[in-house]
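See below for work-v5.txt, which holds compact mmCIF, N, CA and C atoms.
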```
# COMPACT_ATOMS: atom_id res chain seq x y z
N MET W 1 -9.52 -17.97 37.16
CA MET W 1 -9.61 -16.77 37.96
C MET W 1 -10.34 -17.10 39.26
N SER W 2 -10.06 -16.39 40.28
CA SER W 2 -10.55 -16.75 41.60
C SER W 2 -11.99 -16.34 41.86
N ASP W 3 -12.54 -15.40 41.14
CA ASP W 3 -13.89 -14.92 41.43
C ASP W 3 -14.97 -15.69 40.70
N GLY W 4 -14.66 -16.80 40.07
CA GLY W 4 -15.66 -17.63 39.42
C GLY W 4 -15.84 -17.34 37.93
N VAL W 5 -15.21 -16.33 37.40
CA VAL W 5 -15.30 -16.01 35.99
C VAL W 5 -14.16 -16.72 35.27
N GLU W 6 -14.51 -17.51 34.28
CA GLU W 6 -13.47 -18.20 33.55
C GLU W 6 -12.77 -17.25 32.59
N ARG W 7 -11.50 -17.51 32.39
CA ARG W 7 -10.71 -16.66 31.50
C ARG W 7 -11.29 -16.64 30.09
N ARG W 8 -11.74 -17.79 29.61
CA ARG W 8 -12.30 -17.90 28.26
C ARG W 8 -13.52 -17.00 28.11
N ASN W 9 -14.40 -17.00 29.08
CA ASN W 9 -15.59 -16.15 29.01
C ASN W 9 -15.24 -14.66 29.05
N LEU W 10 -14.22 -14.33 29.83
CA LEU W 10 -13.79 -12.94 29.91
C LEU W 10 -13.23 -12.48 28.57
N ILE W 11 -12.43 -13.32 27.94
CA ILE W 11 -11.84 -12.97 26.64
C ILE W 11 -12.93 -12.86 25.58
N GLN W 12 -13.90 -13.78 25.60
CA GLN W 12 -14.99 -13.73 24.63
C GLN W 12 -15.81 -12.45 24.81
N ALA W 13 -16.09 -12.08 26.02
CA ALA W 13 -16.86 -10.86 26.28
C ALA W 13 -16.08 -9.63 25.82
N GLY W 14 -14.77 -9.62 26.05
CA GLY W 14 -13.94 -8.51 25.60
C GLY W 14 -13.93 -8.41 24.09
N GLY W 15 -13.85 -9.55 23.41
CA GLY W 15 -13.86 -9.57 21.95
C GLY W 15 -15.18 -9.08 21.40
N LEU W 16 -16.28 -9.49 22.00
CA LEU W 16 -17.59 -9.02 21.56
C LEU W 16 -17.75 -7.52 21.77
N ALA W 17 -17.25 -7.03 22.90
CA ALA W 17 -17.34 -5.60 23.17
C ALA W 17 -16.50 -4.80 22.16
N ALA W 18 -15.32 -5.30 21.84
CA ALA W 18 -14.47 -4.62 20.87
C ALA W 18 -15.11 -4.63 19.49
N GLY W 19 -15.69 -5.75 19.10
CA GLY W 19 -16.37 -5.84 17.81
C GLY W 19 -17.55 -4.90 17.73
N ALA W 20 -18.30 -4.80 18.81
CA ALA W 20 -19.45 -3.88 18.83
C ALA W 20 -18.99 -2.43 18.74
N ALA W 21 -17.88 -2.12 19.40
CA ALA W 21 -17.36 -0.75 19.34
C ALA W 21 -16.92 -0.39 17.92
N VAL W 22 -16.26 -1.33 17.24
CA VAL W 22 -15.83 -1.08 15.85
C VAL W 22 -17.04 -0.93 14.95
N ALA W 23 -18.04 -1.79 15.12
CA ALA W 23 -19.25 -1.70 14.30
C ALA W 23 -19.97 -0.37 14.53
N ALA W 24 -20.01 0.08 15.76
CA ALA W 24 -20.67 1.36 16.05
C ALA W 24 -19.89 2.53 15.45
N MET W 25 -18.56 2.40 15.44
CA MET W 25 -17.73 3.45 14.88
C MET W 25 -17.99 3.65 13.39
N PHE W 26 -18.09 2.53 12.67
CA PHE W 26 -18.24 2.62 11.22
C PHE W 26 -19.69 2.71 10.78
N GLY W 27 -20.59 2.24 11.58
CA GLY W 27 -22.01 2.31 11.27
C GLY W 27 -22.31 1.73 9.90
N ASP W 28 -23.07 2.46 9.09
CA ASP W 28 -23.43 2.04 7.74
C ASP W 28 -22.58 2.75 6.70
N GLN W 29 -21.34 3.05 7.02
CA GLN W 29 -20.49 3.78 6.11
C GLN W 29 -19.80 2.88 5.10
N SER W 30 -19.94 1.59 5.20
CA SER W 30 -19.23 0.67 4.31
C SER W 30 -19.84 0.72 2.93
N ALA W 31 -19.13 1.36 2.00
CA ALA W 31 -19.62 1.48 0.63
C ALA W 31 -19.64 0.13 -0.06
N LEU W 32 -18.69 -0.73 0.26
CA LEU W 32 -18.65 -2.04 -0.37
C LEU W 32 -19.84 -2.90 0.05
N ALA W 33 -20.21 -2.80 1.31
CA ALA W 33 -21.34 -3.59 1.79
C ALA W 33 -22.65 -3.12 1.16
N GLN W 34 -22.76 -1.86 0.81
CA GLN W 34 -23.97 -1.32 0.23
C GLN W 34 -24.00 -1.49 -1.29
N GLY W 35 -22.89 -1.95 -1.87
CA GLY W 35 -22.86 -2.19 -3.30
C GLY W 35 -22.68 -0.93 -4.14
N THR W 36 -22.21 0.14 -3.53
CA THR W 36 -21.98 1.35 -4.31
C THR W 36 -20.70 1.21 -5.13
N VAL W 37 -20.66 1.94 -6.21
CA VAL W 37 -19.50 1.90 -7.09
C VAL W 37 -18.48 2.90 -6.59
N LEU W 38 -17.27 2.43 -6.34
CA LEU W 38 -16.22 3.30 -5.85
C LEU W 38 -15.30 3.65 -7.02
N ARG W 39 -15.67 4.64 -7.76
CA ARG W 39 -14.83 5.08 -8.88
C ARG W 39 -14.33 6.48 -8.59
N GLY W 40 -13.18 6.75 -9.06
CA GLY W 40 -12.63 8.07 -8.83
C GLY W 40 -11.54 8.36 -9.83
N THR W 41 -10.88 9.44 -9.57
CA THR W 41 -9.77 9.79 -10.44
C THR W 41 -8.52 9.10 -9.93
N PRO W 42 -7.75 8.51 -10.82
CA PRO W 42 -6.54 7.82 -10.37
C PRO W 42 -5.50 8.81 -9.87
N VAL W 43 -4.72 8.37 -8.92
CA VAL W 43 -3.63 9.18 -8.40
C VAL W 43 -2.43 8.99 -9.31
N THR W 44 -1.83 10.08 -9.73
CA THR W 44 -0.64 10.01 -10.56
C THR W 44 0.57 10.36 -9.71
N TYR W 45 1.45 9.40 -9.57
CA TYR W 45 2.67 9.59 -8.78
C TYR W 45 3.81 9.98 -9.71
N GLN W 46 4.64 10.88 -9.26
CA GLN W 46 5.79 11.33 -10.03
C GLN W 46 7.06 10.96 -9.28
N PRO W 47 8.02 10.36 -9.98
CA PRO W 47 9.29 10.06 -9.29
C PRO W 47 10.04 11.34 -8.96
N LYS W 48 10.63 11.36 -7.80
CA LYS W 48 11.42 12.51 -7.38
C LYS W 48 12.83 12.35 -7.94
N PRO W 49 13.47 13.45 -8.26
CA PRO W 49 14.83 13.35 -8.80
C PRO W 49 15.81 12.86 -7.73
N LEU W 50 16.84 12.22 -8.21
CA LEU W 50 17.89 11.71 -7.32
C LEU W 50 18.61 12.90 -6.69
N SER W 51 18.61 12.97 -5.36
CA SER W 51 19.13 14.15 -4.67
C SER W 51 20.61 14.03 -4.33
N LEU W 52 21.20 12.89 -4.58
CA LEU W 52 22.61 12.74 -4.26
C LEU W 52 23.42 12.52 -5.53
N ASP W 53 24.69 12.74 -5.40
CA ASP W 53 25.59 12.51 -6.53
C ASP W 53 26.05 11.05 -6.46
N PRO W 54 25.67 10.22 -7.43
CA PRO W 54 26.04 8.81 -7.38
C PRO W 54 27.55 8.57 -7.33
N LYS W 55 28.32 9.51 -7.81
CA LYS W 55 29.79 9.37 -7.79
C LYS W 55 30.35 9.54 -6.39
N SER W 56 29.60 10.21 -5.50
CA SER W 56 30.11 10.51 -4.17
C SER W 56 29.99 9.34 -3.19
N ILE W 57 29.29 8.31 -3.56
CA ILE W 57 29.09 7.16 -2.67
C ILE W 57 30.28 6.22 -2.81
N LYS W 58 30.92 5.94 -1.72
CA LYS W 58 32.07 5.04 -1.74
C LYS W 58 31.58 3.61 -1.49
N GLY W 59 32.10 2.68 -2.24
CA GLY W 59 31.76 1.27 -2.05
C GLY W 59 30.68 0.76 -2.99
N ILE W 60 29.92 1.66 -3.61
CA ILE W 60 28.90 1.28 -4.58
C ILE W 60 29.15 2.09 -5.84
N SER W 61 29.18 1.44 -6.97
CA SER W 61 29.50 2.14 -8.21
C SER W 61 28.34 3.06 -8.62
N GLU W 62 28.71 4.08 -9.39
CA GLU W 62 27.72 5.01 -9.92
C GLU W 62 26.69 4.27 -10.77
N LYS W 63 27.14 3.31 -11.53
CA LYS W 63 26.27 2.54 -12.41
C LYS W 63 25.21 1.77 -11.62
N VAL W 64 25.63 1.18 -10.52
CA VAL W 64 24.69 0.40 -9.70
C VAL W 64 23.64 1.33 -9.07
N ILE W 65 24.07 2.47 -8.56
CA ILE W 65 23.13 3.39 -7.92
C ILE W 65 22.13 3.94 -8.93
N THR W 66 22.60 4.41 -10.06
CA THR W 66 21.67 4.97 -11.05
C THR W 66 20.76 3.89 -11.63
N SER W 67 21.29 2.69 -11.82
CA SER W 67 20.46 1.59 -12.32
C SER W 67 19.37 1.23 -11.32
N HIS W 68 19.75 1.15 -10.05
CA HIS W 68 18.76 0.82 -9.01
C HIS W 68 17.71 1.92 -8.90
N TYR W 69 18.13 3.17 -8.98
CA TYR W 69 17.19 4.30 -8.92
C TYR W 69 16.21 4.23 -10.08
N GLU W 70 16.74 4.08 -11.29
CA GLU W 70 15.89 4.11 -12.48
C GLU W 70 15.00 2.87 -12.59
N ASN W 71 15.54 1.71 -12.30
CA ASN W 71 14.76 0.48 -12.47
C ASN W 71 13.85 0.18 -11.29
N ASN W 72 14.39 0.27 -10.09
CA ASN W 72 13.61 -0.13 -8.93
C ASN W 72 12.69 0.98 -8.43
N TYR W 73 13.25 2.17 -8.18
CA TYR W 73 12.42 3.26 -7.65
C TYR W 73 11.45 3.80 -8.69
N VAL W 74 11.96 4.20 -9.84
CA VAL W 74 11.08 4.76 -10.88
C VAL W 74 10.10 3.69 -11.36
N GLY W 75 10.55 2.44 -11.41
CA GLY W 75 9.64 1.35 -11.78
C GLY W 75 8.50 1.18 -10.78
N ALA W 76 8.80 1.30 -9.49
CA ALA W 76 7.76 1.20 -8.46
C ALA W 76 6.77 2.35 -8.56
N VAL W 77 7.26 3.55 -8.86
CA VAL W 77 6.38 4.72 -9.00
C VAL W 77 5.44 4.53 -10.20
N LYS W 78 6.00 4.06 -11.32
CA LYS W 78 5.17 3.82 -12.50
C LYS W 78 4.15 2.71 -12.25
N ARG W 79 4.58 1.65 -11.56
CA ARG W 79 3.67 0.55 -11.25
C ARG W 79 2.54 1.02 -10.33
N LEU W 80 2.87 1.85 -9.36
CA LEU W 80 1.85 2.36 -8.44
C LEU W 80 0.84 3.23 -9.17
N THR W 81 1.29 4.04 -10.12
CA THR W 81 0.39 4.87 -10.92
C THR W 81 -0.52 4.00 -11.78
N ALA W 82 0.03 2.94 -12.38
CA ALA W 82 -0.77 2.05 -13.21
C ALA W 82 -1.83 1.31 -12.38
N ILE W 83 -1.46 0.87 -11.20
CA ILE W 83 -2.41 0.18 -10.33
C ILE W 83 -3.50 1.14 -9.88
N SER W 84 -3.14 2.38 -9.59
CA SER W 84 -4.12 3.39 -9.21
C SER W 84 -5.13 3.61 -10.32
N ALA W 85 -4.66 3.61 -11.56
CA ALA W 85 -5.57 3.78 -12.70
C ALA W 85 -6.52 2.59 -12.82
N GLN W 86 -6.00 1.39 -12.61
CA GLN W 86 -6.86 0.19 -12.68
C GLN W 86 -7.91 0.22 -11.58
N LEU W 87 -7.52 0.62 -10.38
CA LEU W 87 -8.49 0.68 -9.28
C LEU W 87 -9.54 1.77 -9.51
N ALA W 88 -9.16 2.86 -10.13
CA ALA W 88 -10.12 3.94 -10.39
C ALA W 88 -11.17 3.52 -11.41
N GLU W 89 -10.81 2.65 -12.34
CA GLU W 89 -11.74 2.18 -13.36
C GLU W 89 -12.59 1.01 -12.90
N LEU W 90 -12.23 0.41 -11.80
CA LEU W 90 -12.86 -0.82 -11.34
C LEU W 90 -14.23 -0.55 -10.70
N ASP W 91 -15.20 -1.35 -11.06
CA ASP W 91 -16.51 -1.30 -10.43
C ASP W 91 -16.48 -2.30 -9.27
N PHE W 92 -16.30 -1.79 -8.06
CA PHE W 92 -16.10 -2.64 -6.88
C PHE W 92 -17.33 -3.51 -6.59
N ALA W 93 -18.50 -3.07 -7.00
CA ALA W 93 -19.72 -3.85 -6.73
C ALA W 93 -19.79 -5.09 -7.61
N LYS W 94 -19.18 -5.03 -8.79
CA LYS W 94 -19.27 -6.14 -9.73
C LYS W 94 -17.98 -6.92 -9.86
N ALA W 95 -16.87 -6.37 -9.42
CA ALA W 95 -15.58 -7.02 -9.59
C ALA W 95 -15.45 -8.20 -8.63
N PRO W 96 -14.83 -9.28 -9.09
CA PRO W 96 -14.61 -10.42 -8.19
C PRO W 96 -13.63 -10.05 -7.07
N ASN W 97 -13.84 -10.64 -5.92
CA ASN W 97 -13.02 -10.32 -4.75
C ASN W 97 -11.54 -10.59 -4.99
N PHE W 98 -11.21 -11.67 -5.73
CA PHE W 98 -9.81 -11.99 -5.95
C PHE W 98 -9.11 -10.89 -6.75
N LEU W 99 -9.84 -10.22 -7.64
CA LEU W 99 -9.25 -9.14 -8.44
C LEU W 99 -8.98 -7.92 -7.56
N ILE W 100 -9.94 -7.55 -6.74
CA ILE W 100 -9.77 -6.42 -5.82
C ILE W 100 -8.63 -6.71 -4.86
N ASN W 101 -8.63 -7.92 -4.30
CA ASN W 101 -7.59 -8.32 -3.36
C ASN W 101 -6.21 -8.24 -4.00
N GLY W 102 -6.09 -8.75 -5.22
CA GLY W 102 -4.81 -8.74 -5.91
C GLY W 102 -4.32 -7.34 -6.21
N LEU W 103 -5.23 -6.48 -6.67
CA LEU W 103 -4.84 -5.10 -6.98
C LEU W 103 -4.44 -4.33 -5.72
N LYS W 104 -5.19 -4.51 -4.65
CA LYS W 104 -4.86 -3.82 -3.41
C LYS W 104 -3.54 -4.33 -2.83
N ARG W 105 -3.28 -5.62 -2.96
CA ARG W 105 -2.01 -6.17 -2.50
C ARG W 105 -0.86 -5.60 -3.31
N GLU W 106 -1.00 -5.55 -4.63
CA GLU W 106 0.04 -5.00 -5.49
C GLU W 106 0.23 -3.50 -5.23
N GLU W 107 -0.87 -2.81 -4.94
CA GLU W 107 -0.78 -1.39 -4.60
C GLU W 107 0.06 -1.19 -3.34
N LEU W 108 -0.17 -2.03 -2.35
CA LEU W 108 0.58 -1.94 -1.10
C LEU W 108 2.06 -2.24 -1.32
N ILE W 109 2.35 -3.26 -2.11
CA ILE W 109 3.75 -3.62 -2.39
C ILE W 109 4.45 -2.48 -3.12
N ALA W 110 3.80 -1.92 -4.14
CA ALA W 110 4.41 -0.83 -4.91
C ALA W 110 4.58 0.42 -4.05
N ALA W 111 3.60 0.73 -3.21
CA ALA W 111 3.71 1.91 -2.34
C ALA W 111 4.85 1.73 -1.34
N ASN W 112 4.95 0.55 -0.76
CA ASN W 112 6.05 0.29 0.17
C ASN W 112 7.39 0.42 -0.52
N SER W 113 7.50 -0.11 -1.72
CA SER W 113 8.75 -0.02 -2.47
C SER W 113 9.09 1.43 -2.76
N MET W 114 8.10 2.21 -3.19
CA MET W 114 8.33 3.61 -3.49
C MET W 114 8.80 4.36 -2.24
N ILE W 115 8.10 4.17 -1.14
CA ILE W 115 8.43 4.88 0.10
C ILE W 115 9.81 4.49 0.62
N LEU W 116 10.11 3.21 0.63
CA LEU W 116 11.42 2.77 1.13
C LEU W 116 12.56 3.26 0.25
N HIS W 117 12.34 3.29 -1.06
CA HIS W 117 13.38 3.81 -1.95
C HIS W 117 13.55 5.32 -1.76
N GLU W 118 12.47 6.04 -1.51
CA GLU W 118 12.59 7.48 -1.26
C GLU W 118 13.37 7.73 0.02
N ILE W 119 13.16 6.90 1.02
CA ILE W 119 13.93 7.04 2.25
C ILE W 119 15.39 6.69 2.00
N TYR W 120 15.62 5.62 1.27
CA TYR W 120 16.98 5.18 0.98
C TYR W 120 17.75 6.23 0.19
N PHE W 121 17.12 6.73 -0.88
CA PHE W 121 17.79 7.73 -1.72
C PHE W 121 17.65 9.14 -1.15
N ASP W 122 16.83 9.29 -0.12
CA ASP W 122 16.58 10.57 0.51
C ASP W 122 16.18 11.64 -0.50
N VAL W 123 15.17 11.24 -1.33
CA VAL W 123 14.69 12.17 -2.35
C VAL W 123 13.43 12.85 -1.90
```

Please re-express this file's structure in structure tokens.
Amino acid sequence: MSDGVERRNLIQAGGLAAGAAVAAMFGDQSALAQGTVLRGTPVTYQPKPLSLDPKSIKGISEKVITSHYENNYVGAVKRLTAISAQLAELDFAKAPNFLINGLKREELIAANSMILHEIYFDV
């Protein structure tokens, strides 16, 4: 840069300012950092009924559509409910990080699957 400030220093200062802003936003609200137990009631998800007539779809058999709905969509909803129950019982202060990480990752995968199938089936 022409005014004597190096680009690297400018980027570092911007990163520090952004980090400070995020830290100020959250303050001491981090329950995990304070070692509090995050327990709650598990969320129970219910599969929505299939809103379309599987026979009306041309190019895909009724059997394939109903099988995909029952196995993939309903399976994702059941998996998401089971993961929610595991997370509700978990003592976050004592649980190993790999367990929390794995459950949260699986929760995200199941939620994405549920949401995308609901959009696909328009239920």

request  = Please provide the set of residues having any atom within 12 Å of Val77 (chain W), restricted to only C-alpha atoms, with same-chain residues fewer than 2 positions apart removed, written as a PyMOL selection string.
outcome  = chain W and resi 43-48+69-75+79-84+107-118

Around all listed atoms of region 113-116 of chain W, padded 3 Å per side, what centre and edge lengths does the axis-aligned box have in Å to one decimal, as JSON?
```
{"center_x": 10.0, "center_y": 2.4, "center_z": -1.2, "size_x": 11.1, "size_y": 11.0, "size_z": 10.6}
```

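Relative to atom N of Leu52 (chain W), atom N of Tyr120 (chain W) is found at 10.9 Å.
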
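Each of W:Lys58, W:Lys63, W:Lys78, W:Lys104 was checked against Leu90 (chain W) using only C-alpha atoms; the smallest atom-to-atom distance is that of W:Lys104.
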
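Going from CA of Arg105 (chain W) over to CA of Glu89 (chain W), you cover 16.8 Å.
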
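From CA of Ala76 (chain W) back to CA of Ala88 (chain W), the distance works out to 18.2 Å.
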
Emit region 90-101 of chain W of the structure in the block as a file comprising all heavy atoms, as a tab-separated table (two decimals), in the first residue's frame.
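Contents of result.tsv, as written:
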```tsv
chain	number	residue	atom	x	y	z
W	90	LEU	N	-27.15	-35.64	27.76
W	90	LEU	CA	-25.71	-35.50	27.84
W	90	LEU	C	-25.30	-34.39	28.81
W	90	LEU	O	-25.88	-33.30	28.80
W	90	LEU	CB	-25.16	-35.20	26.44
W	90	LEU	CG	-23.68	-35.33	26.21
W	90	LEU	CD1	-23.23	-36.76	26.44
W	90	LEU	CD2	-23.33	-34.91	24.80
W	91	ASP	N	-24.33	-34.68	29.63
W	91	ASP	CA	-23.74	-33.67	30.51
W	91	ASP	C	-22.56	-33.06	29.76
W	91	ASP	O	-21.49	-33.64	29.66
W	91	ASP	CB	-23.27	-34.33	31.81
W	91	ASP	CG	-22.73	-33.33	32.81
W	91	ASP	OD1	-22.54	-32.14	32.45
W	91	ASP	OD2	-22.50	-33.72	33.96
W	92	PHE	N	-22.77	-31.88	29.19
W	92	PHE	CA	-21.78	-31.25	28.32
W	92	PHE	C	-20.49	-30.92	29.07
W	92	PHE	O	-19.43	-30.83	28.46
W	92	PHE	CB	-22.35	-29.99	27.67
W	92	PHE	CG	-23.23	-30.28	26.48
W	92	PHE	CD1	-24.53	-30.71	26.65
W	92	PHE	CD2	-22.75	-30.12	25.20
W	92	PHE	CE1	-25.34	-30.98	25.57
W	92	PHE	CE2	-23.55	-30.38	24.10
W	92	PHE	CZ	-24.85	-30.82	24.28
W	93	ALA	N	-20.56	-30.71	30.36
W	93	ALA	CA	-19.36	-30.37	31.13
W	93	ALA	C	-18.44	-31.58	31.30
W	93	ALA	O	-17.24	-31.43	31.43
W	93	ALA	CB	-19.75	-29.82	32.49
W	94	LYS	N	-19.02	-32.77	31.30
W	94	LYS	CA	-18.23	-33.98	31.53
W	94	LYS	C	-18.02	-34.82	30.29
W	94	LYS	O	-17.15	-35.69	30.27
W	94	LYS	CB	-18.91	-34.84	32.60
W	94	LYS	CG	-18.99	-34.16	33.95
W	94	LYS	CD	-19.71	-35.02	34.95
W	94	LYS	CE	-19.83	-34.29	36.29
W	94	LYS	NZ	-20.63	-35.06	37.24
W	95	ALA	N	-18.80	-34.59	29.26
W	95	ALA	CA	-18.72	-35.42	28.05
W	95	ALA	C	-17.46	-35.08	27.26
W	95	ALA	O	-17.05	-33.92	27.19
W	95	ALA	CB	-19.95	-35.18	27.18
W	96	PRO	N	-16.83	-36.09	26.67
W	96	PRO	CA	-15.66	-35.81	25.84
W	96	PRO	C	-16.06	-35.04	24.58
W	96	PRO	O	-17.17	-35.20	24.06
W	96	PRO	CB	-15.12	-37.21	25.49
W	96	PRO	CG	-16.19	-38.16	25.82
W	96	PRO	CD	-17.13	-37.51	26.78
W	97	ASN	N	-15.16	-34.20	24.13
W	97	ASN	CA	-15.44	-33.34	22.98
W	97	ASN	C	-15.79	-34.14	21.73
W	97	ASN	O	-16.64	-33.73	20.95
W	97	ASN	CB	-14.26	-32.41	22.70
W	97	ASN	CG	-14.12	-31.33	23.73
W	97	ASN	OD1	-15.09	-31.00	24.41
W	97	ASN	ND2	-12.94	-30.79	23.87
W	98	PHE	N	-15.12	-35.30	21.53
W	98	PHE	CA	-15.40	-36.07	20.32
W	98	PHE	C	-16.83	-36.58	20.31
W	98	PHE	O	-17.45	-36.71	19.25
W	98	PHE	CB	-14.40	-37.22	20.16
W	98	PHE	CG	-14.58	-38.35	21.15
W	98	PHE	CD1	-15.45	-39.39	20.88
W	98	PHE	CD2	-13.87	-38.36	22.35
W	98	PHE	CE1	-15.62	-40.43	21.79
W	98	PHE	CE2	-14.04	-39.39	23.25
W	98	PHE	CZ	-14.92	-40.43	22.97
W	99	LEU	N	-17.41	-36.86	21.48
W	99	LEU	CA	-18.78	-37.33	21.56
W	99	LEU	C	-19.76	-36.20	21.21
W	99	LEU	O	-20.69	-36.39	20.42
W	99	LEU	CB	-19.09	-37.88	22.95
W	99	LEU	CG	-20.50	-38.37	23.19
W	99	LEU	CD1	-20.81	-39.57	22.30
W	99	LEU	CD2	-20.69	-38.75	24.65
W	100	ILE	N	-19.54	-35.04	21.78
W	100	ILE	CA	-20.38	-33.87	21.49
W	100	ILE	C	-20.28	-33.53	20.01
W	100	ILE	O	-21.28	-33.32	19.33
W	100	ILE	CB	-19.97	-32.67	22.36
W	100	ILE	CG1	-20.18	-32.98	23.84
W	100	ILE	CG2	-20.76	-31.42	21.96
W	100	ILE	CD1	-19.55	-31.97	24.77
W	101	ASN	N	-19.05	-33.51	19.49
W	101	ASN	CA	-18.82	-33.19	18.09
W	101	ASN	C	-19.55	-34.18	17.18
W	101	ASN	O	-20.22	-33.78	16.22
W	101	ASN	CB	-17.32	-33.20	17.80
W	101	ASN	CG	-16.99	-32.80	16.39
W	101	ASN	OD1	-17.77	-32.14	15.72
W	101	ASN	ND2	-15.83	-33.20	15.93
```
